[in-house]
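Engineer: What follows is entry11.cif, mmCIF, N, CA and C atoms.
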data_final
loop_
_atom_site.label_atom_id
_atom_site.label_comp_id
_atom_site.auth_asym_id
_atom_site.auth_seq_id
_atom_site.Cartn_x
_atom_site.Cartn_y
_atom_site.Cartn_z
N THR A 20 18.40 -11.85 8.92
CA THR A 20 19.39 -11.39 9.88
C THR A 20 20.24 -10.28 9.27
N ASP A 21 20.41 -10.29 7.97
CA ASP A 21 21.21 -9.29 7.28
C ASP A 21 20.51 -7.93 7.26
N PHE A 22 19.19 -7.92 7.31
CA PHE A 22 18.40 -6.70 7.16
C PHE A 22 18.71 -5.67 8.24
N ALA A 23 18.80 -6.10 9.50
CA ALA A 23 18.96 -5.15 10.59
C ALA A 23 20.28 -5.28 11.33
N SER A 24 21.23 -6.00 10.79
CA SER A 24 22.52 -6.19 11.45
C SER A 24 23.29 -4.86 11.48
N PRO A 25 23.66 -4.41 12.67
CA PRO A 25 24.36 -3.12 12.77
C PRO A 25 25.70 -3.10 12.03
N THR A 26 26.31 -4.24 11.83
CA THR A 26 27.60 -4.27 11.13
C THR A 26 27.46 -4.09 9.62
N GLN A 27 26.23 -4.13 9.11
CA GLN A 27 26.00 -4.03 7.67
C GLN A 27 25.70 -2.60 7.20
N PHE A 28 25.90 -1.63 8.08
CA PHE A 28 25.61 -0.24 7.72
C PHE A 28 26.88 0.59 7.71
N ASN A 29 26.98 1.45 6.72
CA ASN A 29 28.05 2.43 6.67
C ASN A 29 27.62 3.59 5.77
N ARG A 30 28.44 4.61 5.72
CA ARG A 30 28.13 5.75 4.88
C ARG A 30 28.32 5.40 3.42
N PRO A 31 27.39 5.80 2.58
CA PRO A 31 27.58 5.53 1.16
C PRO A 31 28.62 6.48 0.57
N GLY A 32 29.35 5.97 -0.36
CA GLY A 32 30.32 6.81 -1.06
C GLY A 32 29.71 7.29 -2.36
N ASP A 33 30.47 7.11 -3.43
CA ASP A 33 29.99 7.51 -4.75
C ASP A 33 28.93 6.56 -5.29
N GLU A 34 28.77 5.40 -4.66
CA GLU A 34 27.88 4.37 -5.19
C GLU A 34 26.47 4.46 -4.61
N LEU A 35 26.02 5.64 -4.20
CA LEU A 35 24.73 5.80 -3.55
C LEU A 35 23.57 5.27 -4.40
N THR A 36 23.49 5.67 -5.66
CA THR A 36 22.35 5.25 -6.48
C THR A 36 22.37 3.75 -6.74
N SER A 37 23.53 3.18 -7.01
CA SER A 37 23.57 1.74 -7.23
C SER A 37 23.28 0.99 -5.94
N ARG A 38 23.71 1.53 -4.82
CA ARG A 38 23.42 0.91 -3.52
C ARG A 38 21.92 0.91 -3.25
N VAL A 39 21.27 2.04 -3.51
CA VAL A 39 19.83 2.13 -3.28
C VAL A 39 19.10 1.16 -4.21
N ARG A 40 19.48 1.11 -5.48
CA ARG A 40 18.84 0.18 -6.42
C ARG A 40 18.99 -1.27 -5.99
N LYS A 41 20.20 -1.65 -5.62
CA LYS A 41 20.43 -3.04 -5.21
C LYS A 41 19.66 -3.38 -3.95
N ASN A 42 19.67 -2.47 -2.97
CA ASN A 42 18.96 -2.75 -1.73
C ASN A 42 17.45 -2.76 -1.92
N LEU A 43 16.93 -1.88 -2.77
CA LEU A 43 15.49 -1.91 -3.04
C LEU A 43 15.08 -3.23 -3.67
N SER A 44 15.89 -3.74 -4.56
CA SER A 44 15.58 -5.02 -5.19
C SER A 44 15.76 -6.17 -4.21
N TYR A 45 16.83 -6.14 -3.47
CA TYR A 45 17.16 -7.25 -2.58
C TYR A 45 16.20 -7.34 -1.39
N PHE A 46 15.81 -6.21 -0.85
CA PHE A 46 14.97 -6.18 0.35
C PHE A 46 13.52 -5.79 0.05
N LYS A 47 13.07 -5.91 -1.18
CA LYS A 47 11.72 -5.43 -1.51
C LYS A 47 10.63 -6.11 -0.69
N GLY A 48 10.79 -7.38 -0.39
CA GLY A 48 9.81 -8.06 0.47
C GLY A 48 9.81 -7.49 1.87
N ASN A 49 10.99 -7.27 2.42
CA ASN A 49 11.10 -6.68 3.76
C ASN A 49 10.49 -5.28 3.78
N TYR A 50 10.77 -4.50 2.75
CA TYR A 50 10.24 -3.14 2.69
C TYR A 50 8.71 -3.16 2.56
N GLY A 51 8.19 -4.08 1.79
CA GLY A 51 6.73 -4.19 1.66
C GLY A 51 6.07 -4.56 2.98
N ILE A 52 6.67 -5.50 3.70
CA ILE A 52 6.14 -5.89 5.01
C ILE A 52 6.23 -4.71 5.98
N LEU A 53 7.33 -3.99 5.93
CA LEU A 53 7.50 -2.83 6.80
C LEU A 53 6.43 -1.77 6.52
N ALA A 54 6.22 -1.44 5.25
CA ALA A 54 5.23 -0.43 4.91
C ALA A 54 3.82 -0.89 5.30
N GLY A 55 3.51 -2.15 5.05
CA GLY A 55 2.21 -2.68 5.46
C GLY A 55 2.05 -2.68 6.97
N GLY A 56 3.11 -3.01 7.68
CA GLY A 56 3.07 -2.99 9.14
C GLY A 56 2.84 -1.61 9.70
N VAL A 57 3.49 -0.60 9.11
CA VAL A 57 3.29 0.78 9.56
C VAL A 57 1.84 1.20 9.31
N LEU A 58 1.28 0.84 8.16
CA LEU A 58 -0.10 1.19 7.85
C LEU A 58 -1.07 0.50 8.80
N VAL A 59 -0.88 -0.80 9.03
CA VAL A 59 -1.75 -1.54 9.95
C VAL A 59 -1.63 -0.97 11.36
N PHE A 60 -0.41 -0.68 11.80
CA PHE A 60 -0.21 -0.10 13.13
C PHE A 60 -0.96 1.22 13.27
N SER A 61 -0.85 2.08 12.25
CA SER A 61 -1.50 3.38 12.34
C SER A 61 -3.02 3.26 12.34
N ILE A 62 -3.56 2.26 11.66
CA ILE A 62 -5.01 2.05 11.67
C ILE A 62 -5.46 1.44 13.00
N LEU A 63 -4.70 0.48 13.51
CA LEU A 63 -5.08 -0.17 14.77
C LEU A 63 -4.99 0.77 15.96
N THR A 64 -4.12 1.76 15.91
CA THR A 64 -3.98 2.68 17.03
C THR A 64 -4.98 3.84 16.97
N ASN A 65 -5.84 3.84 15.96
CA ASN A 65 -6.89 4.85 15.85
C ASN A 65 -8.23 4.10 15.81
N PRO A 66 -8.87 3.87 16.97
CA PRO A 66 -10.10 3.06 17.01
C PRO A 66 -11.23 3.60 16.13
N LEU A 67 -11.40 4.91 16.07
CA LEU A 67 -12.46 5.47 15.23
C LEU A 67 -12.23 5.11 13.77
N LEU A 68 -11.00 5.22 13.33
CA LEU A 68 -10.66 4.87 11.96
C LEU A 68 -10.85 3.37 11.72
N LEU A 69 -10.45 2.55 12.65
CA LEU A 69 -10.60 1.10 12.52
C LEU A 69 -12.07 0.72 12.38
N PHE A 70 -12.92 1.21 13.25
CA PHE A 70 -14.34 0.85 13.20
C PHE A 70 -15.02 1.43 11.97
N SER A 71 -14.63 2.62 11.56
CA SER A 71 -15.24 3.18 10.36
C SER A 71 -14.82 2.39 9.11
N LEU A 72 -13.57 1.92 9.05
CA LEU A 72 -13.15 1.08 7.92
C LEU A 72 -13.90 -0.24 7.90
N LEU A 73 -14.09 -0.84 9.07
CA LEU A 73 -14.86 -2.09 9.14
C LEU A 73 -16.30 -1.85 8.71
N PHE A 74 -16.89 -0.76 9.18
CA PHE A 74 -18.27 -0.43 8.82
C PHE A 74 -18.41 -0.18 7.32
N LEU A 75 -17.50 0.62 6.75
CA LEU A 75 -17.55 0.90 5.31
C LEU A 75 -17.32 -0.36 4.48
N SER A 76 -16.40 -1.20 4.94
CA SER A 76 -16.16 -2.47 4.22
C SER A 76 -17.40 -3.34 4.21
N ALA A 77 -18.09 -3.39 5.34
CA ALA A 77 -19.32 -4.18 5.42
C ALA A 77 -20.40 -3.60 4.50
N LEU A 78 -20.53 -2.28 4.46
CA LEU A 78 -21.52 -1.66 3.58
C LEU A 78 -21.22 -1.94 2.11
N TRP A 79 -19.96 -1.77 1.72
CA TRP A 79 -19.59 -2.02 0.32
C TRP A 79 -19.75 -3.50 -0.03
N ALA A 80 -19.39 -4.39 0.88
CA ALA A 80 -19.56 -5.83 0.62
C ALA A 80 -21.03 -6.16 0.44
N TYR A 81 -21.88 -5.59 1.28
CA TYR A 81 -23.32 -5.84 1.14
C TYR A 81 -23.82 -5.32 -0.19
N LEU A 82 -23.43 -4.09 -0.53
CA LEU A 82 -23.92 -3.49 -1.77
C LEU A 82 -23.44 -4.26 -3.00
N LEU A 83 -22.20 -4.65 -3.02
CA LEU A 83 -21.63 -5.24 -4.24
C LEU A 83 -21.81 -6.76 -4.32
N MET A 84 -21.95 -7.43 -3.17
CA MET A 84 -22.01 -8.90 -3.23
C MET A 84 -23.36 -9.48 -2.85
N PHE A 85 -24.10 -8.82 -1.97
CA PHE A 85 -25.29 -9.45 -1.43
C PHE A 85 -26.60 -8.82 -1.87
N ARG A 86 -26.55 -7.63 -2.46
CA ARG A 86 -27.77 -7.01 -2.98
C ARG A 86 -28.22 -7.77 -4.22
N PRO A 87 -29.55 -7.88 -4.43
CA PRO A 87 -30.05 -8.57 -5.63
C PRO A 87 -29.59 -7.87 -6.90
N LYS A 88 -29.36 -8.66 -7.91
CA LYS A 88 -28.89 -8.13 -9.19
C LYS A 88 -29.95 -8.40 -10.26
N LEU A 89 -29.97 -7.57 -11.27
CA LEU A 89 -30.86 -7.77 -12.41
C LEU A 89 -30.22 -8.77 -13.37
N GLU A 90 -30.94 -9.15 -14.41
CA GLU A 90 -30.42 -10.13 -15.36
C GLU A 90 -29.16 -9.64 -16.08
N ASP A 91 -29.04 -8.33 -16.27
CA ASP A 91 -27.86 -7.80 -16.96
C ASP A 91 -26.67 -7.63 -16.01
N GLY A 92 -26.81 -7.98 -14.74
CA GLY A 92 -25.73 -7.93 -13.78
C GLY A 92 -25.68 -6.65 -12.96
N SER A 93 -26.53 -5.67 -13.30
CA SER A 93 -26.54 -4.43 -12.54
C SER A 93 -27.35 -4.60 -11.25
N LEU A 94 -27.16 -3.67 -10.34
CA LEU A 94 -27.87 -3.75 -9.06
C LEU A 94 -29.36 -3.49 -9.25
N ALA A 95 -30.17 -4.24 -8.51
CA ALA A 95 -31.62 -4.02 -8.54
C ALA A 95 -31.93 -2.70 -7.86
N PRO A 96 -32.96 -2.00 -8.31
CA PRO A 96 -33.34 -0.73 -7.68
C PRO A 96 -33.69 -0.94 -6.20
N LEU A 97 -33.42 0.10 -5.43
CA LEU A 97 -33.69 0.07 -3.99
C LEU A 97 -34.69 1.18 -3.70
N THR A 98 -35.78 0.82 -3.02
CA THR A 98 -36.81 1.80 -2.70
C THR A 98 -36.68 2.22 -1.24
N LEU A 99 -36.49 3.51 -1.04
CA LEU A 99 -36.44 4.10 0.29
C LEU A 99 -37.58 5.11 0.40
N GLY A 100 -38.63 4.73 1.09
CA GLY A 100 -39.81 5.59 1.17
C GLY A 100 -40.44 5.72 -0.21
N SER A 101 -40.51 6.93 -0.72
CA SER A 101 -41.10 7.15 -2.04
C SER A 101 -40.03 7.29 -3.13
N LYS A 102 -38.78 7.20 -2.76
CA LYS A 102 -37.68 7.37 -3.72
C LYS A 102 -37.10 6.02 -4.10
N THR A 103 -36.91 5.77 -5.39
CA THR A 103 -36.28 4.55 -5.87
C THR A 103 -34.89 4.90 -6.39
N LEU A 104 -33.89 4.22 -5.86
CA LEU A 104 -32.50 4.47 -6.25
C LEU A 104 -32.03 3.41 -7.23
N SER A 105 -31.47 3.84 -8.34
CA SER A 105 -30.88 2.90 -9.30
C SER A 105 -29.56 2.38 -8.74
N GLY A 106 -28.97 1.41 -9.41
CA GLY A 106 -27.69 0.88 -8.98
C GLY A 106 -26.62 1.95 -8.94
N PHE A 107 -26.60 2.81 -9.95
CA PHE A 107 -25.61 3.90 -9.99
C PHE A 107 -25.82 4.85 -8.81
N GLU A 108 -27.07 5.19 -8.52
CA GLU A 108 -27.35 6.09 -7.40
C GLU A 108 -26.99 5.46 -6.06
N GLN A 109 -27.16 4.16 -5.93
CA GLN A 109 -26.77 3.47 -4.70
C GLN A 109 -25.26 3.55 -4.50
N LYS A 110 -24.52 3.28 -5.57
CA LYS A 110 -23.05 3.36 -5.48
C LYS A 110 -22.59 4.79 -5.23
N ALA A 111 -23.22 5.77 -5.88
CA ALA A 111 -22.85 7.17 -5.69
C ALA A 111 -23.13 7.60 -4.25
N ALA A 112 -24.26 7.17 -3.69
CA ALA A 112 -24.59 7.53 -2.31
C ALA A 112 -23.59 6.91 -1.34
N LEU A 113 -23.25 5.65 -1.55
CA LEU A 113 -22.28 5.01 -0.67
C LEU A 113 -20.89 5.61 -0.87
N GLY A 114 -20.57 6.03 -2.09
CA GLY A 114 -19.31 6.73 -2.33
C GLY A 114 -19.26 8.04 -1.56
N GLY A 115 -20.37 8.77 -1.53
CA GLY A 115 -20.43 10.01 -0.76
C GLY A 115 -20.29 9.76 0.73
N ILE A 116 -20.94 8.71 1.23
CA ILE A 116 -20.81 8.34 2.64
C ILE A 116 -19.36 7.97 2.94
N THR A 117 -18.73 7.25 2.03
CA THR A 117 -17.32 6.87 2.21
C THR A 117 -16.43 8.10 2.26
N PHE A 118 -16.65 9.05 1.36
CA PHE A 118 -15.84 10.28 1.33
C PHE A 118 -15.99 11.07 2.62
N VAL A 119 -17.22 11.25 3.09
CA VAL A 119 -17.44 12.01 4.32
C VAL A 119 -16.80 11.29 5.51
N THR A 120 -16.94 9.97 5.55
CA THR A 120 -16.34 9.20 6.64
C THR A 120 -14.82 9.31 6.60
N MET A 121 -14.23 9.28 5.42
CA MET A 121 -12.78 9.44 5.30
C MET A 121 -12.32 10.79 5.82
N MET A 122 -13.10 11.84 5.55
CA MET A 122 -12.73 13.17 6.02
C MET A 122 -12.87 13.26 7.54
N ILE A 123 -13.91 12.67 8.10
CA ILE A 123 -14.13 12.74 9.54
C ILE A 123 -13.07 11.96 10.30
N THR A 124 -12.71 10.79 9.79
CA THR A 124 -11.77 9.92 10.51
C THR A 124 -10.32 10.14 10.10
N SER A 125 -10.05 11.08 9.24
CA SER A 125 -8.71 11.42 8.76
C SER A 125 -7.98 10.22 8.15
N LEU A 126 -8.70 9.43 7.39
CA LEU A 126 -8.09 8.27 6.74
C LEU A 126 -6.98 8.68 5.78
N SER A 127 -7.24 9.71 4.99
CA SER A 127 -6.23 10.11 3.99
C SER A 127 -4.95 10.58 4.67
N SER A 128 -5.06 11.34 5.75
CA SER A 128 -3.83 11.80 6.42
C SER A 128 -3.12 10.62 7.08
N THR A 129 -3.85 9.65 7.57
CA THR A 129 -3.23 8.46 8.16
C THR A 129 -2.45 7.68 7.11
N ILE A 130 -3.05 7.52 5.93
CA ILE A 130 -2.38 6.79 4.85
C ILE A 130 -1.13 7.54 4.41
N PHE A 131 -1.22 8.86 4.25
CA PHE A 131 -0.05 9.63 3.82
C PHE A 131 1.03 9.65 4.90
N TRP A 132 0.63 9.70 6.16
CA TRP A 132 1.60 9.64 7.25
C TRP A 132 2.34 8.31 7.22
N ALA A 133 1.59 7.21 7.09
CA ALA A 133 2.22 5.89 7.05
C ALA A 133 3.12 5.76 5.83
N LEU A 134 2.67 6.27 4.70
CA LEU A 134 3.49 6.25 3.49
C LEU A 134 4.76 7.07 3.67
N GLY A 135 4.64 8.24 4.26
CA GLY A 135 5.81 9.09 4.47
C GLY A 135 6.83 8.46 5.41
N VAL A 136 6.35 7.89 6.51
CA VAL A 136 7.26 7.23 7.45
C VAL A 136 7.95 6.05 6.76
N SER A 137 7.19 5.28 6.00
CA SER A 137 7.76 4.12 5.31
C SER A 137 8.82 4.55 4.29
N VAL A 138 8.52 5.56 3.49
CA VAL A 138 9.46 6.02 2.48
C VAL A 138 10.74 6.55 3.12
N CYS A 139 10.59 7.29 4.21
CA CYS A 139 11.79 7.81 4.90
C CYS A 139 12.65 6.67 5.44
N PHE A 140 12.03 5.71 6.10
CA PHE A 140 12.80 4.60 6.65
C PHE A 140 13.44 3.77 5.54
N ILE A 141 12.66 3.47 4.50
CA ILE A 141 13.18 2.65 3.40
C ILE A 141 14.32 3.36 2.69
N GLY A 142 14.17 4.66 2.44
CA GLY A 142 15.24 5.41 1.79
C GLY A 142 16.50 5.45 2.63
N LEU A 143 16.35 5.65 3.92
CA LEU A 143 17.50 5.67 4.82
C LEU A 143 18.18 4.30 4.87
N HIS A 144 17.37 3.25 5.01
CA HIS A 144 17.94 1.90 5.08
C HIS A 144 18.63 1.53 3.76
N ALA A 145 17.96 1.81 2.65
CA ALA A 145 18.52 1.44 1.34
C ALA A 145 19.81 2.20 1.04
N SER A 146 19.94 3.40 1.53
CA SER A 146 21.15 4.16 1.25
C SER A 146 22.30 3.82 2.18
N LEU A 147 22.03 3.34 3.38
CA LEU A 147 23.09 3.07 4.34
C LEU A 147 23.50 1.61 4.44
N HIS A 148 22.68 0.69 3.94
CA HIS A 148 22.99 -0.74 4.06
C HIS A 148 24.01 -1.16 3.00
N LYS A 149 25.02 -1.90 3.41
CA LYS A 149 26.04 -2.39 2.48
C LYS A 149 25.43 -3.36 1.48
N THR A 150 26.02 -3.41 0.30
CA THR A 150 25.50 -4.32 -0.74
C THR A 150 26.48 -5.41 -1.11
N ASP A 151 27.62 -5.48 -0.46
CA ASP A 151 28.63 -6.45 -0.87
C ASP A 151 28.30 -7.89 -0.46
N THR A 152 27.29 -8.09 0.37
CA THR A 152 26.97 -9.44 0.83
C THR A 152 25.81 -10.07 0.09
N HIS A 153 25.15 -9.36 -0.80
CA HIS A 153 24.04 -9.94 -1.55
C HIS A 153 24.14 -9.60 -3.02
N GLU A 154 23.60 -10.51 -3.81
CA GLU A 154 23.63 -10.32 -5.25
C GLU A 154 22.22 -10.06 -5.75
N VAL A 155 22.13 -9.21 -6.73
CA VAL A 155 20.85 -8.83 -7.30
C VAL A 155 20.91 -9.06 -8.80
N ASP A 156 19.86 -9.63 -9.34
CA ASP A 156 19.78 -9.84 -10.77
C ASP A 156 19.47 -8.51 -11.45
N PRO A 157 20.39 -7.98 -12.28
CA PRO A 157 20.15 -6.67 -12.89
C PRO A 157 18.95 -6.65 -13.82
N GLU A 158 18.52 -7.81 -14.30
CA GLU A 158 17.36 -7.85 -15.19
C GLU A 158 16.08 -7.43 -14.49
N GLU A 159 16.06 -7.50 -13.14
CA GLU A 159 14.89 -7.07 -12.39
C GLU A 159 14.66 -5.58 -12.56
N PHE A 160 15.69 -4.82 -12.91
CA PHE A 160 15.56 -3.39 -13.11
C PHE A 160 15.42 -3.05 -14.59
N GLY A 161 15.24 -4.05 -15.43
CA GLY A 161 15.09 -3.82 -16.84
C GLY A 161 16.39 -3.68 -17.58
N ALA A 162 17.50 -4.07 -16.95
CA ALA A 162 18.79 -4.00 -17.62
C ALA A 162 18.86 -5.09 -18.69
N VAL A 163 19.47 -4.76 -19.80
CA VAL A 163 19.60 -5.73 -20.89
C VAL A 163 20.77 -6.67 -20.56
N PRO A 164 20.54 -7.97 -20.60
CA PRO A 164 21.64 -8.91 -20.32
C PRO A 164 22.77 -8.70 -21.31
N GLN A 165 24.00 -8.94 -20.87
CA GLN A 165 25.19 -8.72 -21.71
C GLN A 165 25.20 -9.63 -22.92
N ASP A 166 24.67 -10.85 -22.78
CA ASP A 166 24.73 -11.80 -23.89
C ASP A 166 23.48 -11.76 -24.76
N ALA A 167 22.60 -10.80 -24.54
CA ALA A 167 21.37 -10.72 -25.33
C ALA A 167 21.66 -10.10 -26.69
N PRO A 168 21.02 -10.62 -27.73
CA PRO A 168 21.22 -10.04 -29.07
C PRO A 168 20.56 -8.66 -29.15
N PRO A 169 21.11 -7.76 -29.92
CA PRO A 169 20.51 -6.43 -30.04
C PRO A 169 19.14 -6.51 -30.70
N VAL A 170 18.26 -5.62 -30.31
CA VAL A 170 16.89 -5.61 -30.85
C VAL A 170 16.77 -4.63 -31.97
#
Could you write out this file's structure as structure tokens?

Structural biologist:
Amino acid sequence: TDFASPTQFNRPGDELTSRVRKNLSYFKGNYGILAGGVLVFSILTNPLLLFSLLFLSALWAYLLMFRPKLEDGSLAPLTLGSKTLSGFEQKAALGGITFVTMMITSLSSTIFWALGVSVCFIGLHASLHKTDTHEVDPEEFGAVPQDAPPV
């Protein structure tokens, strides 16, 4: 309830950096869910991207989990017509298919868009949300405890 309460927002004064640090630590779970939600939303609203990700995931799962393996753990060769592909060549070919599919479906721009929206919202929220109602353990930021012996 504290995360989105309109009464918990005000302009930051001189304490902007400490406010951002405290809010990032205090709300890190909320921010992670928010960023994941934005990414999932952007994928679900692009059907071509959604189906291509499902298709690529199925191909990679088949290649890495269900294809026969040799005794040393590498992939068994695959024969296509007169050409035999080694395990490395199979992975390289699927990597190329993945790259082309990512370019066609604009996966990289979707990920960067979702990341950009998330960073903007998180930065705005972390800088404007008051910190006087929650406590943060400074050790989470690597601060040395006051009672710790010098190293």

Engineer: Which residues come within 5 Å of Leu94 of chain A, counting all atoms listed in the file, excluding same-chain residues fewer than 6 positions away, as a list in words?

Structural biologist: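 Once the adjacent positions are removed, what remains is Pro87, Lys88 and Gly106 of chain A.
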
Engineer: Choose the residue, out of A:Ser71, A:Thr152, A:Ser105, A:Asn29, that has the smallest atom-to-atom separation from Val119 of chain A; count only C-alpha atoms.

Structural biologist: A:Ser71

Engineer: Could you check how far atom N of Phe28 of chain A sits from atom C of Phe131 of chain A, in Å to one decimal?

Structural biologist: 27.5 Å

Engineer: Check segment 28-165 of chain A with DSSP on the backbone and list each residue it calls helix (DSSP H, G or I), as a VMD selection string.

Structural biologist: chain A and resid 35 to 45 47 to 63 66 to 85 106 to 124 126 to 147 157 to 160

Engineer: Tell me, as a list in words, which residues lie within 6.5 Å of segment 50-65 of chain A, counting all atoms listed in the file; anything in the same chain fewer than 5 positions away does not count.

Structural biologist: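 Non-adjacent residues within range: Phe70, Ala133 and Ser137 of chain A.
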
Engineer: Between atom C of Gly48 of chain A and atom N of Phe74 of chain A, what is the spacing in Å?

Structural biologist: 28.5 Å

Engineer: At what distance in Å, to one decimal, does atom C of Ile130 of chain A lie from atom CA of Ala145 of chain A?

Structural biologist: 20.8 Å

Engineer: Could you tell me which residues the PyMOL selection byres (((chain A and resi 150 and name CA) around 9) and name CA) grabs in this file, written as a PDB file with N, CA and C atoms, in the coordinates of the input?

Structural biologist:
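That gives us out39.pdb:
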ATOM      1  N   GLN A  27      26.230  -4.130   9.110  1.00  0.00           N
ATOM      2  CA  GLN A  27      26.000  -4.030   7.670  1.00  0.00           C
ATOM      3  C   GLN A  27      25.700  -2.600   7.200  1.00  0.00           C
ATOM      4  N   ARG A  38      23.710   1.530  -4.820  1.00  0.00           N
ATOM      5  CA  ARG A  38      23.420   0.910  -3.520  1.00  0.00           C
ATOM      6  C   ARG A  38      21.920   0.910  -3.250  1.00  0.00           C
ATOM      7  N   VAL A  39      21.270   2.040  -3.510  1.00  0.00           N
ATOM      8  CA  VAL A  39      19.830   2.130  -3.280  1.00  0.00           C
ATOM      9  C   VAL A  39      19.100   1.160  -4.210  1.00  0.00           C
ATOM     10  N   LYS A  41      20.200  -1.650  -5.620  1.00  0.00           N
ATOM     11  CA  LYS A  41      20.430  -3.040  -5.210  1.00  0.00           C
ATOM     12  C   LYS A  41      19.660  -3.380  -3.950  1.00  0.00           C
ATOM     13  N   ASN A  42      19.670  -2.470  -2.970  1.00  0.00           N
ATOM     14  CA  ASN A  42      18.960  -2.750  -1.730  1.00  0.00           C
ATOM     15  C   ASN A  42      17.450  -2.760  -1.920  1.00  0.00           C
ATOM     16  N   HIS A 148      22.680   0.690   3.940  1.00  0.00           N
ATOM     17  CA  HIS A 148      22.990  -0.740   4.060  1.00  0.00           C
ATOM     18  C   HIS A 148      24.010  -1.160   3.000  1.00  0.00           C
ATOM     19  N   LYS A 149      25.020  -1.900   3.410  1.00  0.00           N
ATOM     20  CA  LYS A 149      26.040  -2.390   2.480  1.00  0.00           C
ATOM     21  C   LYS A 149      25.430  -3.360   1.480  1.00  0.00           C
ATOM     22  N   ASP A 151      27.620  -5.480  -0.460  1.00  0.00           N
ATOM     23  CA  ASP A 151      28.630  -6.450  -0.870  1.00  0.00           C
ATOM     24  C   ASP A 151      28.300  -7.890  -0.460  1.00  0.00           C
ATOM     25  N   THR A 152      27.290  -8.090   0.370  1.00  0.00           N
ATOM     26  CA  THR A 152      26.970  -9.440   0.830  1.00  0.00           C
ATOM     27  C   THR A 152      25.810 -10.070   0.090  1.00  0.00           C
ATOM     28  N   HIS A 153      25.150  -9.360  -0.800  1.00  0.00           N
ATOM     29  CA  HIS A 153      24.040  -9.940  -1.550  1.00  0.00           C
ATOM     30  C   HIS A 153      24.140  -9.600  -3.020  1.00  0.00           C
ATOM     31  N   GLU A 154      23.600 -10.510  -3.810  1.00  0.00           N
ATOM     32  CA  GLU A 154      23.630 -10.320  -5.250  1.00  0.00           C
ATOM     33  C   GLU A 154      22.220 -10.060  -5.750  1.00  0.00           C
TER      34      GLU A 154
END

Engineer: From a DSSP pass on the backbone, collect the residues of chain A flagged as strand (DSSP E) and hand them back as a list in words.

Structural biologist: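 Matching residues, listed in order: Leu97, Thr98, Leu99, Lys102, Thr103 and Leu104 of chain A.
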
Engineer: Could you tell me which of A:Ser24, A:Ser44, A:Ser37, A:Ser93 comes closest to Gln109 of chain A if we count only C-alpha atoms?

Structural biologist: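 Under the stated criterion, the closest residue is A:Ser93.
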